[in-house]
>>> print(open('start16.cif').read())   # mmCIF, C-alpha atoms and all ligand atoms
data_upload
loop_
_atom_site.label_atom_id
_atom_site.label_comp_id
_atom_site.auth_asym_id
_atom_site.auth_seq_id
_atom_site.Cartn_x
_atom_site.Cartn_y
_atom_site.Cartn_z
CA MET A 1 0.00 0.00 0.00
CA ASN A 2 1.48 3.40 -0.95
CA ARG A 3 1.03 6.72 0.82
CA HIS A 4 -1.92 7.74 -1.36
CA GLU A 5 -3.76 4.45 -0.76
CA PHE A 6 -3.07 4.67 2.98
CA ALA A 7 -4.43 8.25 3.08
CA SER A 8 -7.59 7.13 1.24
CA LEU A 9 -8.06 4.28 3.69
CA LEU A 10 -7.75 6.65 6.63
CA ASP A 11 -10.12 9.19 5.07
CA ARG A 12 -12.69 6.48 4.50
CA VAL A 13 -12.40 5.18 8.08
CA ILE A 14 -12.99 8.70 9.39
CA LYS A 15 -15.74 9.62 6.89
CA GLU A 16 -17.71 6.43 7.52
CA ARG A 17 -17.41 7.01 11.26
CA MET A 18 -15.66 3.74 11.88
CA LEU A 19 -12.65 5.21 13.64
CA LYS A 20 -12.19 4.44 17.33
CA LYS A 21 -8.58 5.49 17.89
CA ILE A 22 -5.29 6.19 16.11
CA THR A 23 -1.97 6.07 17.96
CA LEU A 24 1.20 7.54 16.48
CA SER A 25 4.21 6.19 18.37
CA LYS A 26 8.02 5.84 18.19
CA SER A 27 8.34 9.57 17.93
CA ALA A 28 11.03 11.84 16.52
CA LEU A 29 8.90 14.94 17.22
CA PRO A 30 10.75 17.01 19.85
CA GLY A 31 9.08 16.89 23.27
CA VAL A 32 6.19 14.67 22.12
CA ALA A 33 6.19 11.01 23.16
CA ARG A 34 3.07 9.93 21.22
CA ILE A 35 -0.13 11.24 19.73
CA GLN A 36 -3.58 9.74 20.18
CA ILE A 37 -6.41 10.69 17.85
CA ARG A 38 -10.07 10.10 18.58
CA PRO A 39 -13.26 11.12 16.78
CA PHE A 40 -15.93 13.28 18.36
CA GLU A 41 -18.87 15.44 17.35
CA LYS A 42 -19.26 19.13 18.02
CA GLY A 43 -22.41 21.00 17.12
CA GLY A 44 -23.36 18.18 14.73
CA SER A 45 -19.99 18.29 12.84
CA ALA A 46 -17.58 15.38 12.76
CA MET A 47 -14.22 16.30 14.29
CA VAL A 48 -11.06 14.55 15.47
CA GLN A 49 -9.09 15.39 18.57
CA LEU A 50 -5.30 15.02 18.60
CA SER A 51 -3.92 14.48 22.12
CA LYS A 52 -0.18 15.11 22.16
CA PHE A 53 1.41 13.37 25.14
CA GLN A 54 4.43 15.47 26.06
CA GLU A 55 7.58 14.05 27.62
CA ASP A 56 6.90 16.12 30.76
CA ASN A 57 3.55 14.27 31.20
CA LYS A 58 1.43 17.19 29.98
CA VAL A 59 -1.14 16.55 27.27
CA ILE A 60 -1.94 19.13 24.61
CA HIS A 61 -5.20 18.77 22.70
CA GLU A 62 -5.88 20.01 19.19
CA ASN A 63 -9.16 19.64 17.32
CA LEU A 64 -9.47 19.31 13.54
CA PRO A 65 -12.49 18.99 11.25
CA ALA A 66 -12.79 15.34 10.24
CA ASP A 67 -12.87 16.38 6.60
CA GLY A 68 -9.25 16.44 5.42
CA ALA A 69 -7.87 15.18 8.75
CA GLY A 70 -6.58 11.99 7.06
CA GLU A 71 -3.96 13.87 5.04
CA GLU A 72 -2.83 15.87 8.11
CA ILE A 73 -2.47 12.70 10.16
CA ILE A 74 -0.53 10.89 7.43
CA SER A 75 1.88 13.85 7.13
CA LEU A 76 2.45 13.89 10.89
CA PHE A 77 3.00 10.14 10.92
CA MET A 78 5.42 9.99 7.98
CA ASP A 79 7.39 13.08 9.02
CA PHE A 80 7.81 12.30 12.71
CA PHE A 81 6.71 8.81 13.77
CA LYS A 82 7.70 5.26 12.96
CA GLN A 83 4.44 3.55 13.88
CA CYS A 84 0.75 4.20 13.36
CA ASN A 85 -1.98 1.95 14.82
CA ILE A 86 -5.55 2.46 13.68
CA VAL A 87 -8.36 0.86 15.68
CA THR A 88 -11.74 0.85 13.96
CA ALA A 89 -15.13 -0.74 14.37
CA ALA A 90 -14.30 -2.90 11.34
CA GLY A 91 -10.86 -4.19 12.36
CA ASN A 92 -7.41 -2.73 12.89
CA CYS A 93 -4.52 -1.54 10.77
CA GLU A 94 -0.85 -1.18 11.65
CA ALA A 95 1.55 0.91 9.57
CA LYS A 96 5.31 1.32 9.91
CA CYS A 97 7.45 3.91 8.25
CA ASN A 98 11.24 3.59 7.98
CA LYS A 99 13.91 6.32 7.76
CA LYS A 100 13.76 6.33 3.96
CA GLY A 101 10.02 7.02 4.08
CA SER A 102 8.94 3.53 2.91
CA LEU A 103 5.59 2.40 4.22
CA TYR A 104 4.67 -1.12 5.41
CA VAL A 105 0.97 -1.59 6.10
CA LYS A 106 -0.76 -4.58 7.70
CA ASN A 107 -4.41 -3.86 7.02
CA GLN A 108 -7.16 -5.91 8.66
CA ILE A 109 -9.98 -3.43 8.17
CA ASP A 110 -12.99 -4.96 6.47
CA PHE A 111 -15.47 -2.28 5.38
CA SER A 112 -18.20 -4.83 4.82
CA ARG A 113 -18.61 -5.07 8.59
CA GLN A 114 -21.63 -2.99 9.46
CA GLU A 115 -20.85 -1.80 12.96
CA THR A 116 -20.26 1.95 13.18
CA ALA A 117 -18.14 3.36 15.95
CA ALA A 118 -20.15 5.81 17.97
CA ALA A 119 -18.11 8.98 18.08
CA SER A 120 -17.94 10.18 21.64
CA SER A 121 -19.80 13.42 22.06
CA HIS A 122 -17.67 16.37 23.03
CA ASP A 123 -20.59 17.57 25.10
CA LYS A 124 -19.65 14.84 27.60
CA GLN A 125 -22.41 12.44 26.73
CA LYS A 126 -22.39 9.95 29.59
CA ARG A 127 -22.01 6.23 29.03
CA HIS A 128 -24.32 4.63 31.54
CA PHE A 129 -22.99 1.13 31.99
CA LEU A 130 -25.71 0.66 34.60
CA PRO A 131 -28.69 2.49 33.11
CA PRO A 132 -31.08 3.76 35.78
CA ASN A 133 -34.28 1.77 36.11
CA GLN A 134 -33.06 -1.43 34.48
CA PRO A 135 -33.30 -4.45 36.78
CA VAL A 136 -29.82 -5.74 37.69
CA ALA A 137 -29.56 -8.40 40.40
CA PHE A 138 -26.67 -6.92 42.39
CA LEU A 139 -28.24 -3.43 42.46
CA GLN A 140 -31.37 -4.94 43.96
CA GLU A 141 -29.42 -7.09 46.38
CA LEU A 142 -27.38 -4.10 47.63
CA GLY A 143 -30.47 -1.95 48.07
CA ILE A 144 -29.73 0.52 45.25
CA SER A 145 -32.84 -0.38 43.29
CA GLY A 146 -36.12 -2.20 43.90
CA THR A 147 -37.22 -5.43 42.22
CA ASP A 148 -38.76 -3.43 39.36
CA GLY A 149 -35.32 -1.89 38.71
CA ARG A 150 -36.33 1.58 39.94
CA VAL A 151 -33.39 3.25 41.65
CA TYR A 152 -34.24 4.50 45.15
CA ASP A 153 -33.98 8.29 45.33
CA ARG A 154 -31.57 8.14 48.27
CA MET A 155 -29.21 5.89 46.24
CA ALA A 156 -29.27 7.80 42.94
CA HIS A 157 -26.08 9.70 43.82
CA LYS A 158 -24.25 6.42 44.55
CA LEU A 159 -25.33 4.95 41.22
CA ALA A 160 -24.08 8.10 39.45
CA GLN A 161 -20.69 7.76 41.19
CA ILE A 162 -20.44 4.11 40.20
CA ASN A 163 -21.39 4.80 36.58
CA ARG A 164 -18.77 7.53 36.40
CA PHE A 165 -16.15 5.24 37.92
CA LEU A 166 -16.96 2.63 35.27
CA GLU A 167 -16.55 5.27 32.55
CA LEU A 168 -13.10 6.11 33.89
CA ILE A 169 -12.15 2.43 33.98
CA ASP A 170 -13.48 2.02 30.45
CA ASP A 171 -11.06 4.72 29.25
CA VAL A 172 -8.05 2.68 30.40
CA LYS A 173 -9.29 -0.89 29.88
CA ASP A 174 -7.13 -1.34 26.77
CA SER A 175 -4.01 -1.21 28.96
CA LEU A 176 -5.10 -4.34 30.85
CA PRO A 177 -3.67 -7.77 29.98
CA GLU A 178 -5.85 -9.65 27.52
CA ASN A 179 -4.77 -13.27 27.77
CA ARG A 180 -5.83 -14.07 31.35
CA PRO A 181 -8.39 -12.99 33.98
CA VAL A 182 -7.99 -9.38 35.09
CA ARG A 183 -6.83 -9.05 38.72
CA ILE A 184 -8.52 -6.19 40.54
CA PHE A 185 -8.50 -5.08 44.18
CA ASP A 186 -11.01 -2.66 45.65
CA LEU A 187 -9.30 -1.41 48.80
CA CYS A 188 -11.49 0.02 51.58
CA CYS A 189 -14.46 -1.39 49.70
CA GLY A 190 -17.02 -0.80 52.52
CA LYS A 191 -20.45 -1.94 51.35
CA SER A 192 -18.82 -2.69 47.98
CA TYR A 193 -21.25 -1.03 45.60
CA LEU A 194 -18.27 -0.24 43.37
CA THR A 195 -16.76 -3.73 43.72
CA PHE A 196 -19.95 -5.43 42.51
CA ALA A 197 -20.37 -2.86 39.72
CA VAL A 198 -16.82 -3.35 38.43
CA HIS A 199 -17.28 -7.12 38.54
CA HIS A 200 -20.52 -6.67 36.53
CA TYR A 201 -18.78 -4.36 34.03
CA PHE A 202 -15.95 -6.80 33.33
CA THR A 203 -17.96 -10.03 33.34
CA GLN A 204 -21.32 -8.93 31.87
CA ILE A 205 -20.37 -6.00 29.62
CA LEU A 206 -16.81 -6.84 28.50
CA HIS A 207 -17.33 -10.62 28.91
CA ARG A 208 -13.99 -10.99 30.64
CA GLN A 209 -13.00 -13.18 33.56
CA VAL A 210 -11.83 -11.45 36.71
CA GLU A 211 -10.11 -12.29 39.96
CA MET A 212 -11.47 -9.53 42.12
CA VAL A 213 -10.96 -8.94 45.85
CA GLY A 214 -12.64 -6.35 48.05
CA VAL A 215 -10.82 -5.53 51.31
CA ASP A 216 -12.13 -3.65 54.33
CA LEU A 217 -11.64 -3.50 58.08
CA LYS A 218 -15.31 -4.06 58.91
CA GLU A 219 -16.05 -7.69 59.60
CA ASP A 220 -19.86 -7.52 59.41
CA VAL A 221 -19.77 -5.63 56.10
CA ILE A 222 -17.30 -8.08 54.57
CA GLU A 223 -19.40 -11.04 55.70
CA HIS A 224 -22.48 -9.49 54.11
CA CYS A 225 -20.62 -8.82 50.84
CA SER A 226 -19.26 -12.39 50.73
CA ARG A 227 -22.76 -13.81 51.28
CA THR A 228 -24.18 -11.57 48.55
CA ALA A 229 -21.50 -12.60 46.02
CA GLU A 230 -22.15 -16.23 46.84
CA LYS A 231 -25.93 -15.83 46.59
CA LEU A 232 -25.60 -14.18 43.17
CA GLY A 233 -23.09 -16.83 42.01
CA LEU A 234 -20.51 -14.22 41.02
CA ALA A 235 -17.43 -16.09 39.85
CA GLY A 236 -14.06 -14.63 40.75
CA LEU A 237 -15.37 -12.16 43.36
CA THR A 238 -14.16 -12.55 46.94
CA PHE A 239 -13.87 -10.35 50.01
CA GLN A 240 -11.27 -10.19 52.77
CA CYS A 241 -11.50 -8.59 56.15
CA GLY A 242 -8.34 -6.81 57.25
CA ASP A 243 -6.18 -3.72 57.33
CA ILE A 244 -4.97 -2.82 53.84
CA LEU A 245 -1.66 -1.77 55.36
CA GLN A 246 -0.92 -5.44 55.93
CA PHE A 247 -2.63 -6.73 52.79
CA GLU A 248 -0.39 -9.37 51.17
CA PRO A 249 -2.15 -10.93 48.17
CA ASP A 250 -0.85 -14.03 46.40
CA SER A 251 -0.58 -12.31 43.05
CA LYS A 252 0.12 -8.83 41.72
CA PRO A 253 -3.00 -6.82 40.77
CA ASP A 254 -3.54 -5.28 37.33
CA MET A 255 -5.74 -2.59 38.81
CA VAL A 256 -6.33 -1.14 42.29
CA LEU A 257 -9.52 0.81 42.92
CA SER A 258 -10.61 2.83 45.88
CA LEU A 259 -13.64 5.01 46.38
CA HIS A 260 -13.60 7.48 49.26
CA ALA A 261 -11.11 5.75 51.57
CA CYS A 262 -11.14 8.03 54.61
CA ASP A 263 -8.36 10.57 55.13
CA THR A 264 -4.96 8.81 55.24
CA ALA A 265 -6.53 5.47 54.23
CA THR A 266 -6.16 6.82 50.66
CA ASP A 267 -2.39 7.14 51.30
CA ILE A 268 -2.31 3.54 52.45
CA VAL A 269 -4.26 2.50 49.32
CA LEU A 270 -1.78 4.30 47.06
CA ASN A 271 1.22 2.90 48.92
CA THR A 272 -0.21 -0.63 48.78
CA ALA A 273 -0.88 -0.26 45.05
CA VAL A 274 2.67 0.97 44.41
CA ARG A 275 4.17 -1.68 46.70
CA LEU A 276 2.36 -4.42 44.74
CA GLY A 277 3.51 -3.00 41.37
CA THR A 278 -0.05 -2.32 40.17
CA GLY A 279 -0.46 -1.28 36.52
CA ILE A 280 -3.51 0.99 36.92
CA ILE A 281 -4.66 2.88 40.03
CA LEU A 282 -7.98 4.69 40.30
CA SER A 283 -8.60 6.34 43.63
CA SER A 284 -11.09 8.98 44.67
CA PRO A 285 -9.92 10.40 48.02
CA CYS A 286 -12.26 11.18 50.88
CA CYS A 287 -11.82 13.72 53.69
CA HIS A 288 -8.45 15.48 54.08
CA HIS A 289 -7.69 15.88 57.79
CA GLU A 290 -4.02 15.05 58.08
CA LEU A 291 -2.42 18.21 56.72
CA ALA A 292 -4.89 20.42 58.58
CA GLN A 293 -2.95 19.51 61.76
CA GLN A 294 0.42 20.29 60.16
CA LEU A 295 0.23 22.94 57.45
CA GLN A 296 1.90 26.23 58.40
CA SER A 297 3.48 28.58 55.94
CA GLU A 298 4.64 32.12 56.60
CA GLU A 299 5.15 32.58 52.85
CA LEU A 300 1.52 31.69 52.20
CA HIS A 301 -0.05 33.55 55.12
CA LEU A 302 -2.31 35.50 52.73
CA ILE A 303 -4.03 32.15 52.22
CA THR A 304 -3.56 30.45 55.58
CA ASP A 305 -4.85 33.45 57.56
CA TYR A 306 -8.36 32.41 56.46
CA GLY A 307 -9.69 29.12 57.84
CA ILE A 308 -11.69 28.27 54.74
CA LEU A 309 -8.76 28.92 52.40
CA GLN A 310 -6.38 27.02 54.68
CA GLN A 311 -8.74 24.03 54.46
CA LYS A 312 -8.86 24.21 50.65
CA LEU A 313 -5.08 24.55 50.54
CA CYS A 314 -4.74 21.42 52.71
CA GLU A 315 -6.96 19.49 50.31
CA ILE A 316 -5.24 20.51 47.10
CA SER A 317 -1.78 20.16 48.64
CA THR A 318 -2.58 16.64 49.87
CA ASP A 319 -3.70 15.54 46.42
CA ALA A 320 -0.94 17.38 44.54
CA LEU A 321 1.63 15.66 46.77
CA ARG A 322 -0.09 12.31 46.22
CA ALA A 323 0.06 12.83 42.45
CA GLN A 324 3.75 13.74 42.62
CA ALA A 325 4.50 10.75 44.88
CA LEU A 326 2.94 8.48 42.23
CA LYS A 327 4.98 10.14 39.48
CA ILE A 328 8.12 9.54 41.55
CA SER A 329 7.01 5.90 41.82
CA GLY A 330 6.94 5.61 38.01
CA TYR A 331 3.35 6.43 37.06
CA GLN A 332 1.70 8.77 34.56
CA VAL A 333 -0.83 10.64 36.67
CA GLN A 334 -4.04 12.50 35.93
CA LEU A 335 -6.23 14.33 38.42
CA ILE A 336 -9.75 14.26 37.04
CA GLU A 337 -13.04 15.77 38.17
CA PHE A 338 -14.68 12.58 39.30
CA ILE A 339 -18.26 13.77 39.43
CA ASP A 340 -20.45 16.85 39.66
CA PRO A 341 -19.76 18.59 43.01
CA GLU A 342 -23.53 18.63 43.57
CA ASN A 343 -23.37 14.83 43.83
CA THR A 344 -20.53 14.84 46.37
CA PRO A 345 -17.83 17.36 47.34
CA LYS A 346 -15.38 14.42 47.24
CA ASN A 347 -15.20 14.78 43.51
CA LEU A 348 -11.56 14.32 42.58
CA LEU A 349 -10.15 11.15 41.11
CA ILE A 350 -6.50 10.17 40.88
CA ARG A 351 -5.84 8.02 37.83
CA ALA A 352 -2.34 6.59 37.53
CA VAL A 353 -0.97 4.27 34.87
CA LYS A 354 2.44 2.68 35.39
CA ASN A 355 5.14 3.66 32.90
CA ARG A 356 6.66 0.79 30.97
CA GLY A 357 10.34 1.74 31.07
CA LYS A 358 12.50 2.59 34.08
CA MET A 359 12.65 6.27 34.95
CA ASP A 360 15.80 8.20 34.28
CA GLU A 361 17.62 8.94 37.62
CA ALA A 362 17.96 12.67 36.85
CA LYS A 363 14.23 12.95 36.15
CA LYS A 364 13.40 11.10 39.36
CA ASN A 365 15.70 13.35 41.41
CA LYS A 366 13.99 16.41 39.95
CA LEU A 367 10.54 15.06 40.90
CA VAL A 368 11.75 14.20 44.42
CA ASN A 369 13.29 17.63 44.82
CA GLU A 370 10.04 19.35 43.77
CA TYR A 371 8.11 17.14 46.18
CA GLN A 372 10.39 17.85 49.11
CA CYS A 373 10.42 21.60 48.39
CA LEU A 374 6.61 21.75 48.60
CA CYS A 375 6.60 19.72 51.83
CA GLU A 376 9.15 22.07 53.35
CA MET A 377 7.30 25.17 52.23
CA LEU A 378 4.09 23.87 53.80
CA ASN A 379 5.85 22.30 56.77
CA VAL A 380 4.08 18.97 56.21
CA ASN A 381 5.01 15.31 56.40
CA PRO A 382 2.17 13.34 54.75
CA THR A 383 1.57 9.65 55.45
CA LEU A 384 2.32 8.71 51.83
CA LYS A 385 5.71 10.46 52.06
CA ARG A 386 6.61 8.35 55.06
CA LEU A 387 5.22 5.13 53.57
CA LEU A 388 7.07 5.58 50.27
CA ASN A 389 10.13 6.95 52.02
CA ILE A 390 10.44 10.01 49.77
C1 LIG B 1 -16.17 6.09 53.45
S1 LIG B 1 -16.06 4.37 53.41
C2 LIG B 1 -16.12 4.08 51.67
C3 LIG B 1 -16.60 2.70 51.36
C4 LIG B 1 -16.81 2.38 49.87
N1 LIG B 1 -15.57 2.39 49.14
C5 LIG B 1 -17.83 3.31 49.27
O1 LIG B 1 -17.45 4.22 48.53
O2 LIG B 1 -19.01 3.13 49.52
C6 LIG B 1 -14.39 4.06 53.86
C7 LIG B 1 -14.10 2.59 54.20
O3 LIG B 1 -12.69 2.46 54.40
C8 LIG B 1 -12.47 1.44 55.35
N2 LIG B 1 -11.09 1.56 55.86
C9 LIG B 1 -10.51 2.65 56.42
N3 LIG B 1 -9.22 2.39 56.75
C10 LIG B 1 -8.97 1.10 56.36
C11 LIG B 1 -7.84 0.25 56.43
N4 LIG B 1 -6.68 0.67 56.93
N5 LIG B 1 -7.94 -1.01 55.95
C12 LIG B 1 -9.10 -1.47 55.43
N6 LIG B 1 -10.22 -0.69 55.35
C13 LIG B 1 -10.17 0.57 55.81
C14 LIG B 1 -13.57 1.69 56.36
O4 LIG B 1 -13.82 0.55 57.14
C15 LIG B 1 -14.75 2.09 55.46
O5 LIG B 1 -15.55 0.99 55.16
#
>>> encode(input="start16.cif", output="structure tokens")
Amino acid sequence: MNRHEFASLLDRVIKERMLKKITLSKSALPGVARIQIRPFEKGGSAMVQLSKFQEDNKVIHENLPADGAGEEIISLFMDFFKQCNIVTAAGNCEAKCNKKGSLYVKNQIDFSRQETAAASSHDKQKRHFLPPNQPVAFLQELGISGTDGRVYDRMAHKLAQINRFLELIDDVKDSLPENRPVRIFDLCCGKSYLTFAVHHYFTQILHRQVEMVGVDLKEDVIEHCSRTAEKLGLAGLTFQCGDILQFEPDSKPDMVLSLHACDTATDIVLNTAVRLGTGIILSSPCCHHELAQQLQSEELHLITDYGILQQKLCEISTDALRAQALKISGYQVQLIEFIDPENTPKNLLIRAVKNRGKMDEAKKNKLVNEYQCLCEMLNVNPTLKRLLNI
């Protein structure tokens, strides 16, 4: 396949709305590690979004009209990248480009397949993996909905949180191993609404096998969750009672989840996930009390003189330091608005994906130095700092 034929193929994939994702990798573009391209719709027009993943972990987004985007993408690929992977609703295509500009294409796209990839709406159209008012056994069993599937008003906010969590897992599911059951831990699982929902998502929606463990300190809650999983015959879902600080599983998890682990319990979750070498971490912190006892900063007294601002500073400093601690531990980190603040004020989510290669020592030292400088400036010594020995 020559350049012209490859460009036509790409144009057709975009025009017929079959595109799911393009990844340009093995980069020679200064400062840019890779580019991901996804389709979306804005005001009824088909667009594509280029996400440029910078070497300093920042991501720069650029939107282009879908019409003519194929040629732009091909130019970027052939000028600066060695590899281009196209994922479509009708199969995949892999292209490689060598230094002399020769193109090798392995095309497995079959346009006769009818499925059309739904372009994700830029207006944040929500994917409800658990649509409200559809009967699902575990939702009924956990008291989120009645037998007719109607969600109880008092539980609607919990269902919204769970649906959003599933969306955020869905975004990273392609990084999970494909040739064996996915190993997932929900640490500080409490009543385990999330644990059951994630099990449902993997087994019933993705049709994958899981080995999933929920862990919590509360004996009665864990007993109830174990009985419920058994009653519903949920394969691969177990619960353990215990302190996550001492949690020693038999095998390394692919993903660690945690929803609203209280105060420093989130630090223990993150430390446990790092200690076990987890590939993906998704954690929405809860209350932030620890730094409120410690934070003092003469330099920042214009903020700390006001109780309400001091509290907000404690919260954002705690999570900024957590994010940096994960970067130091070799993860790409995003801090995402988890959910509408009207649903819960605990609306931040830390999403961390482990880097493949080993981090350069100089880069690590720089991250550590930045971390320690902020701790000194705020006069704080967070639990995660002590646990990770930073
Ligand atoms: C606010 S609840 C959240 C429960 C659940 N994830 C949810 O969102 O519904 C926090 C849970 O963390 C558990 N927890 C706190 N510290 C823990 C620890 N060190 N080890 C295990 N569980 C812990 C508590 O028992 C409690 O069930």
>>> residues_near_ligand(input="start16.cif", ligand="ligand LIG 1 (chain B)", cutoff="8 Å", atoms="all atoms listed in the file", output="list of chain:residue names")
A:Lys158, A:Asp186, A:Leu187, A:Cys188, A:Cys189, A:Gly190, A:Lys191, A:Ser192, A:Tyr193, A:Leu194, A:Val215, A:Asp216, A:Leu217, A:Lys218, A:Val221, A:Cys241, A:Gly242, A:Asp243, A:Ile244, A:Leu245, A:Ser258, A:Leu259, A:His260, A:Ala261, A:Cys262, A:Thr264, A:Ala265, A:Ile268, A:Cys286
>>> atom_distance(input="start16.cif", atom1="CA of Asp263 (chain A)", atom2="CA of His289 (chain A)")
6.0 Å
>>> residues_around(input="start16.cif", residues="Val59 (chain A)", least_positions_apart="4", cutoff="12 Å", atoms="all atoms listed in the file", output="PyMOL selection string")
chain A and resi 31-36+49-55+332-334
>>> atom_distance(input="start16.cif", atom1="CA of Asn57 (chain A)", atom2="CA of Val353 (chain A)")
11.6 Å
>>> atom_distance(input="start16.cif", atom1="CA of Lys21 (chain A)", atom2="CA of Val87 (chain A)")
5.1 Å
>>> closest_residue(input="start16.cif", among="A:Ser283, A:Gln161, A:Ser329, A:Asn379", to="Met359 (chain A)", atoms="only C-alpha atoms")
A:Ser329
>>> closest_residue(input="start16.cif", among="A:Gly307, A:His157, A:Arg12, A:Ile390", to="Asp110 (chain A)", atoms="all atoms listed in the file")
A:Arg12
>>> residues_around(input="start16.cif", residues="region 37-39 of chain A", least_positions_apart="2", cutoff="8 Å", atoms="all atoms listed in the file", output="compact mmCIF listing (two decimals) with C-alpha atoms, keeping the file's coordinate frame")
# COMPACT_ATOMS: atom_id res chain seq x y z
CA ILE A 14 -12.99 8.70 9.39
CA LEU A 19 -12.65 5.21 13.64
CA LYS A 20 -12.19 4.44 17.33
CA LYS A 21 -8.58 5.49 17.89
CA ILE A 22 -5.29 6.19 16.11
CA THR A 23 -1.97 6.07 17.96
CA ILE A 35 -0.13 11.24 19.73
CA GLU A 41 -18.87 15.44 17.35
CA ALA A 46 -17.58 15.38 12.76
CA MET A 47 -14.22 16.30 14.29
CA VAL A 48 -11.06 14.55 15.47
CA GLN A 49 -9.09 15.39 18.57
CA LEU A 50 -5.30 15.02 18.60
CA SER A 51 -3.92 14.48 22.12
CA ALA A 66 -12.79 15.34 10.24
CA ALA A 119 -18.11 8.98 18.08
CA SER A 120 -17.94 10.18 21.64
>>> residues_around(input="start16.cif", residues="Gln209 (chain A)", least_positions_apart="3", cutoff="7 Å", atoms="only C-alpha atoms", output="NGL selection string")
:A and (181-182 or 203)
>>> write_last_selection(input="start16.cif", atoms="C-alpha atoms", output="PDB file, in the coordinates of the input")
ATOM      1  CA  PRO A 181      -8.390 -12.990  33.980  1.00  0.00           C
ATOM      2  CA  VAL A 182      -7.990  -9.380  35.090  1.00  0.00           C
ATOM      3  CA  THR A 203     -17.960 -10.030  33.340  1.00  0.00           C
TER       4      THR A 203
END
>>> closest_residue(input="start16.cif", among="A:Gly279, A:Gly101, A:Gly70, A:Gly236", to="Leu326 (chain A)", atoms="all atoms listed in the file")
A:Gly279
>>> residues_around(input="start16.cif", residues="Lys173 (chain A)", least_positions_apart="6", cutoff="12 Å", atoms="all atoms listed in the file", output="NGL selection string")
:A and (166-167 or 182 or 184 or 198 or 201-202 or 206 or 208 or 254-255 or 279-282 or 353)
>>> write_last_selection(input="start16.cif", atoms="C-alpha atoms", output="PDB file, in the frame of the given file")
ATOM      1  CA  LEU A 166     -16.960   2.630  35.270  1.00  0.00           C
ATOM      2  CA  GLU A 167     -16.550   5.270  32.550  1.00  0.00           C
ATOM      3  CA  VAL A 182      -7.990  -9.380  35.090  1.00  0.00           C
ATOM      4  CA  ILE A 184      -8.520  -6.190  40.540  1.00  0.00           C
ATOM      5  CA  VAL A 198     -16.820  -3.350  38.430  1.00  0.00           C
ATOM      6  CA  TYR A 201     -18.780  -4.360  34.030  1.00  0.00           C
ATOM      7  CA  PHE A 202     -15.950  -6.800  33.330  1.00  0.00           C
ATOM      8  CA  LEU A 206     -16.810  -6.840  28.500  1.00  0.00           C
ATOM      9  CA  ARG A 208     -13.990 -10.990  30.640  1.00  0.00           C
ATOM     10  CA  ASP A 254      -3.540  -5.280  37.330  1.00  0.00           C
ATOM     11  CA  MET A 255      -5.740  -2.590  38.810  1.00  0.00           C
ATOM     12  CA  GLY A 279      -0.460  -1.280  36.520  1.00  0.00           C
ATOM     13  CA  ILE A 280      -3.510   0.990  36.920  1.00  0.00           C
ATOM     14  CA  ILE A 281      -4.660   2.880  40.030  1.00  0.00           C
ATOM     15  CA  LEU A 282      -7.980   4.690  40.300  1.00  0.00           C
ATOM     16  CA  VAL A 353      -0.970   4.270  34.870  1.00  0.00           C
TER      17      VAL A 353
END
>>> closest_residue(input="start16.cif", among="A:Glu342, A:Phe40, A:Met212, A:Val105", to="Asn63 (chain A)", atoms="only C-alpha atoms")
A:Phe40
>>> closest_residue(input="start16.cif", among="A:Asn98, A:Thr383, A:Asn343, A:Gln83", to="Leu24 (chain A)", atoms="all atoms listed in the file")
A:Gln83
>>> residues_around(input="start16.cif", residues="region 135-151 of chain A", least_positions_apart="5", cutoff="8 Å", atoms="all atoms listed in the file", output="MDAnalysis selection string")
chainID A and resid 156 159 193 196:197 228 232
>>> closest_residue(input="start16.cif", among="A:Leu378, A:Leu367, A:Leu257, A:Ala362", to="Leu313 (chain A)", atoms="all atoms listed in the file")
A:Leu378
